$ cat input14.cif   # mmCIF, N, CA and C atoms
data_protein
loop_
_atom_site.label_atom_id
_atom_site.label_comp_id
_atom_site.auth_asym_id
_atom_site.auth_seq_id
_atom_site.Cartn_x
_atom_site.Cartn_y
_atom_site.Cartn_z
N MET A 1 -7.84 -7.64 -1.00
CA MET A 1 -7.81 -6.90 0.26
C MET A 1 -8.38 -5.52 0.03
N ILE A 2 -8.96 -5.00 1.08
CA ILE A 2 -9.59 -3.69 1.04
C ILE A 2 -9.04 -2.86 2.19
N ALA A 3 -8.67 -1.62 1.89
CA ALA A 3 -8.27 -0.68 2.93
C ALA A 3 -9.10 0.58 2.75
N LEU A 4 -9.92 0.87 3.73
CA LEU A 4 -10.61 2.14 3.77
C LEU A 4 -9.71 3.05 4.59
N ILE A 5 -9.13 4.06 3.93
CA ILE A 5 -8.18 4.93 4.62
C ILE A 5 -8.82 6.29 4.85
N GLN A 6 -8.57 6.83 6.03
CA GLN A 6 -9.06 8.15 6.37
C GLN A 6 -7.89 8.98 6.88
N ARG A 7 -7.71 10.14 6.27
CA ARG A 7 -6.67 11.06 6.75
C ARG A 7 -7.18 11.68 8.05
N VAL A 8 -6.38 11.56 9.10
CA VAL A 8 -6.82 12.02 10.41
C VAL A 8 -5.82 12.98 11.03
N SER A 9 -6.34 13.84 11.91
CA SER A 9 -5.45 14.65 12.74
C SER A 9 -5.19 13.94 14.07
N GLU A 10 -6.10 12.99 14.39
CA GLU A 10 -5.90 12.11 15.54
C GLU A 10 -6.89 10.96 15.44
N ALA A 11 -6.51 9.82 16.03
CA ALA A 11 -7.39 8.65 16.06
C ALA A 11 -6.92 7.72 17.17
N ASN A 12 -7.88 6.96 17.72
CA ASN A 12 -7.51 5.98 18.74
C ASN A 12 -8.49 4.82 18.75
N VAL A 13 -8.05 3.73 19.39
CA VAL A 13 -8.86 2.53 19.55
C VAL A 13 -8.89 2.19 21.03
N VAL A 14 -10.11 1.95 21.53
CA VAL A 14 -10.30 1.58 22.93
C VAL A 14 -10.93 0.20 22.99
N VAL A 15 -10.38 -0.68 23.84
CA VAL A 15 -10.93 -2.01 24.10
C VAL A 15 -11.08 -2.15 25.60
N ASP A 16 -12.27 -2.50 26.03
CA ASP A 16 -12.55 -2.67 27.46
C ASP A 16 -12.12 -1.46 28.29
N GLY A 17 -12.39 -0.26 27.77
CA GLY A 17 -12.10 0.97 28.49
C GLY A 17 -10.65 1.42 28.46
N GLU A 18 -9.79 0.66 27.76
CA GLU A 18 -8.35 0.99 27.71
C GLU A 18 -7.94 1.35 26.29
N THR A 19 -7.24 2.47 26.14
CA THR A 19 -6.72 2.86 24.83
C THR A 19 -5.56 1.94 24.48
N ILE A 20 -5.70 1.23 23.34
CA ILE A 20 -4.65 0.28 22.96
C ILE A 20 -3.86 0.73 21.75
N GLY A 21 -4.38 1.70 21.00
CA GLY A 21 -3.69 2.25 19.84
C GLY A 21 -4.09 3.69 19.66
N GLU A 22 -3.11 4.55 19.32
CA GLU A 22 -3.40 5.98 19.23
C GLU A 22 -2.37 6.66 18.34
N ILE A 23 -2.85 7.52 17.46
CA ILE A 23 -1.94 8.31 16.61
C ILE A 23 -2.42 9.76 16.56
N ASP A 24 -1.50 10.62 16.19
CA ASP A 24 -1.86 11.99 15.84
C ASP A 24 -2.01 12.01 14.32
N LYS A 25 -1.39 12.93 13.63
CA LYS A 25 -1.50 13.04 12.18
C LYS A 25 -1.14 11.73 11.49
N GLY A 26 -1.99 11.32 10.55
CA GLY A 26 -1.70 10.10 9.81
C GLY A 26 -2.92 9.54 9.14
N LEU A 27 -2.94 8.20 9.04
CA LEU A 27 -4.04 7.50 8.38
C LEU A 27 -4.62 6.44 9.31
N LEU A 28 -5.94 6.48 9.44
CA LEU A 28 -6.66 5.37 10.04
C LEU A 28 -6.95 4.40 8.91
N VAL A 29 -6.53 3.16 9.05
CA VAL A 29 -6.72 2.14 8.02
C VAL A 29 -7.67 1.07 8.56
N LEU A 30 -8.86 0.99 7.96
CA LEU A 30 -9.77 -0.11 8.25
C LEU A 30 -9.47 -1.17 7.20
N LEU A 31 -9.04 -2.35 7.65
CA LEU A 31 -8.50 -3.37 6.75
C LEU A 31 -9.42 -4.58 6.69
N GLY A 32 -9.87 -4.91 5.47
CA GLY A 32 -10.72 -6.07 5.25
C GLY A 32 -10.01 -7.11 4.39
N VAL A 33 -10.18 -8.37 4.76
CA VAL A 33 -9.54 -9.47 4.05
C VAL A 33 -10.61 -10.30 3.35
N GLU A 34 -10.36 -10.59 2.07
CA GLU A 34 -11.27 -11.42 1.28
C GLU A 34 -10.64 -12.79 1.05
N ARG A 35 -11.47 -13.76 0.68
CA ARG A 35 -11.02 -15.16 0.56
C ARG A 35 -9.82 -15.35 -0.36
N GLU A 36 -9.76 -14.62 -1.46
CA GLU A 36 -8.68 -14.83 -2.43
C GLU A 36 -7.40 -14.06 -2.10
N ASP A 37 -7.36 -13.38 -0.97
CA ASP A 37 -6.19 -12.59 -0.60
C ASP A 37 -5.04 -13.46 -0.14
N ASP A 38 -3.83 -12.94 -0.37
CA ASP A 38 -2.62 -13.65 0.02
C ASP A 38 -1.54 -12.63 0.37
N LEU A 39 -0.35 -13.11 0.69
CA LEU A 39 0.73 -12.21 1.09
C LEU A 39 1.14 -11.23 -0.01
N ALA A 40 1.08 -11.66 -1.26
CA ALA A 40 1.43 -10.76 -2.37
C ALA A 40 0.45 -9.59 -2.44
N LYS A 41 -0.84 -9.88 -2.29
CA LYS A 41 -1.84 -8.79 -2.30
C LYS A 41 -1.67 -7.89 -1.09
N MET A 42 -1.35 -8.49 0.05
CA MET A 42 -1.13 -7.70 1.26
C MET A 42 0.00 -6.71 1.07
N GLU A 43 1.12 -7.19 0.52
CA GLU A 43 2.28 -6.32 0.32
C GLU A 43 1.96 -5.21 -0.67
N LYS A 44 1.23 -5.54 -1.72
CA LYS A 44 0.85 -4.53 -2.71
C LYS A 44 -0.04 -3.46 -2.08
N LEU A 45 -1.01 -3.89 -1.27
CA LEU A 45 -1.92 -2.93 -0.65
C LEU A 45 -1.20 -2.09 0.40
N ALA A 46 -0.37 -2.70 1.22
CA ALA A 46 0.37 -1.96 2.24
C ALA A 46 1.27 -0.91 1.59
N THR A 47 1.93 -1.28 0.51
CA THR A 47 2.78 -0.33 -0.21
C THR A 47 1.95 0.83 -0.76
N LYS A 48 0.78 0.50 -1.29
CA LYS A 48 -0.10 1.54 -1.82
C LYS A 48 -0.57 2.49 -0.72
N VAL A 49 -0.97 1.93 0.42
CA VAL A 49 -1.42 2.77 1.54
C VAL A 49 -0.31 3.73 1.96
N MET A 50 0.89 3.21 2.14
CA MET A 50 2.00 4.05 2.60
C MET A 50 2.44 5.07 1.55
N SER A 51 2.20 4.77 0.27
CA SER A 51 2.65 5.64 -0.81
C SER A 51 1.57 6.59 -1.32
N TYR A 52 0.33 6.35 -0.95
CA TYR A 52 -0.79 7.12 -1.49
C TYR A 52 -0.66 8.58 -1.07
N ARG A 53 -0.77 9.47 -2.04
CA ARG A 53 -0.53 10.90 -1.80
C ARG A 53 -1.84 11.59 -1.42
N VAL A 54 -2.10 11.66 -0.11
CA VAL A 54 -3.34 12.26 0.38
C VAL A 54 -3.11 13.41 1.35
N PHE A 55 -1.85 13.78 1.56
CA PHE A 55 -1.53 14.88 2.45
C PHE A 55 -1.14 16.10 1.64
N SER A 56 -1.52 17.26 2.14
CA SER A 56 -1.32 18.51 1.40
C SER A 56 0.13 18.98 1.43
N ASP A 57 0.57 19.49 0.27
CA ASP A 57 1.89 20.11 0.19
C ASP A 57 1.76 21.59 0.55
N GLU A 58 2.83 22.35 0.32
CA GLU A 58 2.82 23.77 0.68
C GLU A 58 1.82 24.59 -0.15
N ASN A 59 1.33 24.02 -1.26
CA ASN A 59 0.34 24.71 -2.09
C ASN A 59 -1.08 24.21 -1.85
N GLY A 60 -1.24 23.37 -0.85
CA GLY A 60 -2.57 22.87 -0.53
C GLY A 60 -3.05 21.74 -1.43
N LYS A 61 -2.16 21.18 -2.22
CA LYS A 61 -2.50 20.07 -3.12
C LYS A 61 -2.17 18.74 -2.46
N MET A 62 -3.00 17.73 -2.69
CA MET A 62 -2.71 16.40 -2.16
C MET A 62 -1.56 15.80 -2.96
N ASN A 63 -0.36 16.00 -2.45
CA ASN A 63 0.85 15.61 -3.16
C ASN A 63 1.82 14.81 -2.31
N LEU A 64 1.57 14.70 -1.01
CA LEU A 64 2.52 14.06 -0.11
C LEU A 64 1.99 12.72 0.39
N ASN A 65 2.90 11.76 0.51
CA ASN A 65 2.51 10.47 1.08
C ASN A 65 2.72 10.50 2.59
N LEU A 66 2.48 9.39 3.23
CA LEU A 66 2.54 9.30 4.69
C LEU A 66 3.90 9.71 5.23
N ALA A 67 4.97 9.16 4.68
CA ALA A 67 6.32 9.46 5.17
C ALA A 67 6.66 10.92 4.95
N GLN A 68 6.33 11.45 3.77
CA GLN A 68 6.63 12.85 3.46
C GLN A 68 5.90 13.80 4.39
N ALA A 69 4.73 13.39 4.86
CA ALA A 69 3.93 14.23 5.76
C ALA A 69 4.28 13.99 7.23
N GLY A 70 5.13 13.00 7.50
CA GLY A 70 5.50 12.70 8.88
C GLY A 70 4.36 12.08 9.67
N GLY A 71 3.54 11.27 9.00
CA GLY A 71 2.37 10.69 9.63
C GLY A 71 2.57 9.27 10.13
N SER A 72 1.59 8.79 10.85
CA SER A 72 1.57 7.44 11.41
C SER A 72 0.35 6.68 10.89
N LEU A 73 0.33 5.38 11.15
CA LEU A 73 -0.81 4.53 10.80
C LEU A 73 -1.46 3.99 12.06
N LEU A 74 -2.79 3.90 12.01
CA LEU A 74 -3.56 3.15 12.99
C LEU A 74 -4.35 2.13 12.18
N VAL A 75 -3.99 0.85 12.30
CA VAL A 75 -4.57 -0.22 11.49
C VAL A 75 -5.56 -1.00 12.33
N VAL A 76 -6.80 -1.10 11.82
CA VAL A 76 -7.89 -1.76 12.55
C VAL A 76 -8.52 -2.81 11.63
N SER A 77 -8.63 -4.04 12.11
CA SER A 77 -9.27 -5.08 11.30
C SER A 77 -10.76 -4.76 11.18
N GLN A 78 -11.31 -4.99 9.97
CA GLN A 78 -12.69 -4.60 9.69
C GLN A 78 -13.29 -5.57 8.68
N PHE A 79 -13.74 -6.75 9.16
CA PHE A 79 -14.22 -7.78 8.25
C PHE A 79 -15.45 -7.34 7.47
N THR A 80 -16.22 -6.39 7.97
CA THR A 80 -17.44 -5.98 7.26
C THR A 80 -17.14 -5.30 5.93
N LEU A 81 -15.91 -4.87 5.70
CA LEU A 81 -15.55 -4.29 4.40
C LEU A 81 -15.67 -5.32 3.28
N ALA A 82 -15.57 -6.59 3.61
CA ALA A 82 -15.64 -7.66 2.61
C ALA A 82 -17.08 -8.11 2.36
N ALA A 83 -18.05 -7.43 2.93
CA ALA A 83 -19.46 -7.83 2.79
C ALA A 83 -19.97 -7.59 1.37
N ASP A 84 -20.84 -8.47 0.92
CA ASP A 84 -21.57 -8.28 -0.33
C ASP A 84 -22.90 -7.64 0.06
N THR A 85 -23.10 -6.41 -0.38
CA THR A 85 -24.31 -5.67 -0.03
C THR A 85 -25.21 -5.45 -1.24
N GLY A 86 -24.96 -6.20 -2.30
CA GLY A 86 -25.67 -6.00 -3.56
C GLY A 86 -27.11 -6.48 -3.59
N ARG A 87 -27.46 -7.40 -2.71
CA ARG A 87 -28.82 -7.94 -2.73
C ARG A 87 -29.41 -7.95 -1.34
N GLY A 88 -30.68 -7.72 -1.27
CA GLY A 88 -31.40 -7.84 -0.01
C GLY A 88 -31.06 -6.77 0.99
N LEU A 89 -31.46 -7.03 2.23
CA LEU A 89 -31.28 -6.05 3.30
C LEU A 89 -30.36 -6.55 4.41
N ARG A 90 -29.66 -7.64 4.13
CA ARG A 90 -28.70 -8.17 5.08
C ARG A 90 -27.41 -8.48 4.34
N PRO A 91 -26.26 -8.01 4.86
CA PRO A 91 -25.00 -8.27 4.16
C PRO A 91 -24.63 -9.74 4.20
N SER A 92 -23.97 -10.19 3.13
CA SER A 92 -23.44 -11.55 3.07
C SER A 92 -21.92 -11.45 3.25
N PHE A 93 -21.39 -12.34 4.07
CA PHE A 93 -19.95 -12.34 4.31
C PHE A 93 -19.27 -13.55 3.69
N SER A 94 -19.90 -14.15 2.69
CA SER A 94 -19.35 -15.35 2.07
C SER A 94 -18.02 -15.08 1.36
N GLY A 95 -17.77 -13.86 0.97
CA GLY A 95 -16.51 -13.54 0.30
C GLY A 95 -15.40 -13.13 1.25
N ALA A 96 -15.72 -13.01 2.54
CA ALA A 96 -14.71 -12.59 3.51
C ALA A 96 -13.73 -13.74 3.79
N GLY A 97 -12.52 -13.38 4.13
CA GLY A 97 -11.53 -14.38 4.49
C GLY A 97 -11.91 -15.08 5.78
N THR A 98 -11.37 -16.26 5.97
CA THR A 98 -11.61 -16.98 7.22
C THR A 98 -10.94 -16.21 8.36
N PRO A 99 -11.37 -16.43 9.59
CA PRO A 99 -10.73 -15.73 10.71
C PRO A 99 -9.21 -15.97 10.78
N ASP A 100 -8.77 -17.20 10.56
CA ASP A 100 -7.32 -17.48 10.59
C ASP A 100 -6.58 -16.76 9.48
N GLN A 101 -7.14 -16.78 8.27
CA GLN A 101 -6.53 -16.09 7.14
C GLN A 101 -6.48 -14.59 7.40
N ALA A 102 -7.59 -14.03 7.88
CA ALA A 102 -7.65 -12.59 8.13
C ALA A 102 -6.65 -12.18 9.21
N ARG A 103 -6.58 -12.96 10.28
CA ARG A 103 -5.64 -12.63 11.36
C ARG A 103 -4.20 -12.64 10.83
N GLU A 104 -3.86 -13.65 10.04
CA GLU A 104 -2.50 -13.76 9.49
C GLU A 104 -2.17 -12.58 8.58
N LEU A 105 -3.09 -12.23 7.68
CA LEU A 105 -2.82 -11.14 6.74
C LEU A 105 -2.87 -9.77 7.41
N TYR A 106 -3.73 -9.62 8.40
CA TYR A 106 -3.77 -8.38 9.18
C TYR A 106 -2.42 -8.17 9.88
N GLN A 107 -1.93 -9.20 10.56
CA GLN A 107 -0.65 -9.08 11.26
C GLN A 107 0.49 -8.88 10.28
N ALA A 108 0.44 -9.54 9.13
CA ALA A 108 1.48 -9.36 8.11
C ALA A 108 1.48 -7.93 7.58
N PHE A 109 0.30 -7.34 7.41
CA PHE A 109 0.18 -5.95 6.96
C PHE A 109 0.86 -5.03 7.98
N VAL A 110 0.53 -5.21 9.25
CA VAL A 110 1.12 -4.39 10.32
C VAL A 110 2.64 -4.57 10.34
N ASP A 111 3.10 -5.81 10.31
CA ASP A 111 4.55 -6.08 10.34
C ASP A 111 5.27 -5.49 9.14
N PHE A 112 4.63 -5.55 7.97
CA PHE A 112 5.23 -4.98 6.76
C PHE A 112 5.40 -3.47 6.91
N CYS A 113 4.37 -2.80 7.40
CA CYS A 113 4.46 -1.34 7.59
C CYS A 113 5.53 -0.98 8.61
N LEU A 114 5.58 -1.74 9.70
CA LEU A 114 6.63 -1.51 10.70
C LEU A 114 8.02 -1.71 10.11
N SER A 115 8.16 -2.73 9.26
CA SER A 115 9.47 -3.02 8.65
C SER A 115 9.93 -1.90 7.73
N LYS A 116 9.01 -1.09 7.27
CA LYS A 116 9.34 0.05 6.40
C LYS A 116 9.58 1.33 7.20
N GLY A 117 9.59 1.19 8.53
CA GLY A 117 9.90 2.33 9.39
C GLY A 117 8.72 3.23 9.71
N VAL A 118 7.51 2.78 9.44
CA VAL A 118 6.32 3.59 9.70
C VAL A 118 5.84 3.34 11.12
N ASN A 119 5.63 4.42 11.88
CA ASN A 119 5.02 4.27 13.20
C ASN A 119 3.62 3.70 12.99
N THR A 120 3.40 2.48 13.45
CA THR A 120 2.15 1.77 13.20
C THR A 120 1.56 1.29 14.51
N GLN A 121 0.37 1.78 14.79
CA GLN A 121 -0.40 1.36 15.95
C GLN A 121 -1.53 0.45 15.46
N THR A 122 -2.14 -0.31 16.36
CA THR A 122 -3.16 -1.26 15.94
C THR A 122 -4.35 -1.27 16.90
N GLY A 123 -5.41 -1.86 16.39
CA GLY A 123 -6.52 -2.26 17.22
C GLY A 123 -6.22 -3.66 17.71
N GLU A 124 -7.26 -4.39 18.13
CA GLU A 124 -7.11 -5.77 18.57
C GLU A 124 -7.99 -6.64 17.68
N PHE A 125 -7.38 -7.57 16.98
CA PHE A 125 -8.10 -8.41 16.04
C PHE A 125 -9.28 -9.10 16.72
N ALA A 126 -10.45 -9.02 16.11
CA ALA A 126 -11.69 -9.68 16.53
C ALA A 126 -12.24 -9.19 17.87
N ALA A 127 -11.74 -8.07 18.37
CA ALA A 127 -12.26 -7.52 19.62
C ALA A 127 -13.40 -6.55 19.34
N ASP A 128 -14.18 -6.25 20.36
CA ASP A 128 -15.18 -5.20 20.29
C ASP A 128 -14.43 -3.89 20.56
N MET A 129 -14.21 -3.13 19.50
CA MET A 129 -13.39 -1.93 19.60
C MET A 129 -14.24 -0.68 19.45
N LYS A 130 -13.82 0.36 20.13
CA LYS A 130 -14.40 1.70 19.97
C LYS A 130 -13.33 2.53 19.28
N VAL A 131 -13.62 2.93 18.04
CA VAL A 131 -12.66 3.68 17.24
C VAL A 131 -13.11 5.13 17.17
N SER A 132 -12.23 6.03 17.55
CA SER A 132 -12.52 7.46 17.48
C SER A 132 -11.52 8.12 16.56
N LEU A 133 -11.99 9.11 15.81
CA LEU A 133 -11.09 9.80 14.91
C LEU A 133 -11.57 11.21 14.63
N VAL A 134 -10.64 12.04 14.24
CA VAL A 134 -10.95 13.34 13.68
C VAL A 134 -10.48 13.28 12.23
N ASN A 135 -11.45 13.12 11.32
CA ASN A 135 -11.14 13.02 9.90
C ASN A 135 -10.72 14.39 9.42
N ASP A 136 -9.54 14.48 8.86
CA ASP A 136 -8.96 15.74 8.40
C ASP A 136 -9.35 15.97 6.96
N GLY A 137 -10.29 16.86 6.73
CA GLY A 137 -10.70 17.17 5.37
C GLY A 137 -12.19 17.38 5.23
N PRO A 138 -13.00 16.39 5.26
CA PRO A 138 -12.70 14.96 5.42
C PRO A 138 -12.09 14.37 4.14
N VAL A 139 -11.16 13.46 4.35
CA VAL A 139 -10.50 12.76 3.26
C VAL A 139 -10.58 11.26 3.54
N THR A 140 -11.29 10.54 2.68
CA THR A 140 -11.47 9.09 2.82
C THR A 140 -11.38 8.44 1.45
N PHE A 141 -10.62 7.35 1.36
CA PHE A 141 -10.49 6.61 0.10
C PHE A 141 -10.62 5.12 0.35
N ASN A 142 -11.21 4.42 -0.62
CA ASN A 142 -11.36 2.98 -0.58
C ASN A 142 -10.32 2.39 -1.55
N LEU A 143 -9.29 1.74 -1.01
CA LEU A 143 -8.23 1.15 -1.84
C LEU A 143 -8.42 -0.35 -1.87
N GLN A 144 -8.30 -0.94 -3.06
CA GLN A 144 -8.41 -2.38 -3.20
C GLN A 144 -7.34 -2.91 -4.14
N VAL A 145 -6.93 -4.15 -3.88
CA VAL A 145 -6.01 -4.83 -4.80
C VAL A 145 -6.54 -6.21 -5.08
#

$ encode --input "input14.cif" --output "structure tokens"
Amino acid sequence: MIALIQRVSEANVVVDGETIGEIDKGLLVLLGVEREDDLAKMEKLATKVMSYRVFSDENGKMNLNLAQAGGSLLVVSQFTLAADTGRGLRPSFSGAGTPDQARELYQAFVDFCLSKGVNTQTGEFAADMKVSLVNDGPVTFNLQV
């Protein structure tokens, strides 16, 4: 699994002109599922995302995790993260999870974060989404398990 996380001061997702997910301070998580992913990898990645210390402490050092900073998550499915871009001029998605597998693991990721008490908003799986954000920093990390 792949999570491209961006520290944001605000972010939202719009589908068909309607805002369906919105957060203030927190992390925008673009989540990609690969063929070999399973629930164990999902739990490991979700725990890492929630625990990753990317928020500044009183000394301006990245020392605080999501909960310590009082942040929220906006989780958006992003199958293109699983693309193989190593050859040619067109990405290959042969390593991406199937739509059913991706939907299951995406929802499990969201449910796991919610079960840990994190305010978690979402996009809409497989929809044409418009994602807006204000990247705070900018701070962006690519996490994989």

$ atom_distance --input "input14.cif" --atom1 "atom CA of Asn135 of chain A" --atom2 "atom CA of Asn12 of chain A"
11.9 Å

$ resolve_selection --input "input14.cif" --expression "the PyMOL selection byres ((chain A and resi 119-127) around 5)" --output "PyMOL selection string"
chain A and resi 21+72-76+117-118+128-129

$ select_by_dssp --input "input14.cif" --residues "segment 25-122 of chain A" --states "helix (DSSP H, G or I)" --output "ChimeraX atom specification"
/A:39-51,66-69,79-82,99-115

$ residues_around --input "input14.cif" --residues "Asp37 of chain A" --least-positions-apart "6" --cutoff "8 Å" --atoms "all atoms listed in the file" --output "ChimeraX atom specification"
/A:1,96-97,101,105,145

$ atom_distance --input "input14.cif" --atom1 "atom N of Ser9 of chain A" --atom2 "atom C of Leu143 of chain A"
19.9 Å

$ residues_around --input "input14.cif" --residues "Leu81 of chain A" --least-positions-apart "5" --cutoff "7 Å" --atoms "only N, CA and C atoms" --output "PyMOL selection string"
chain A and resi 2+31-33

$ resolve_selection --input "input14.cif" --expression "the PyMOL selection byres ((chain A and resi 8) around 6)" --output "list of chain:residue names"
A:Gln6, A:Arg7, A:Ser9, A:Glu10, A:Ala11, A:Asp24, A:Lys25, A:Gly26, A:Leu27, A:Leu28, A:Val134, A:Asn135, A:Asp136
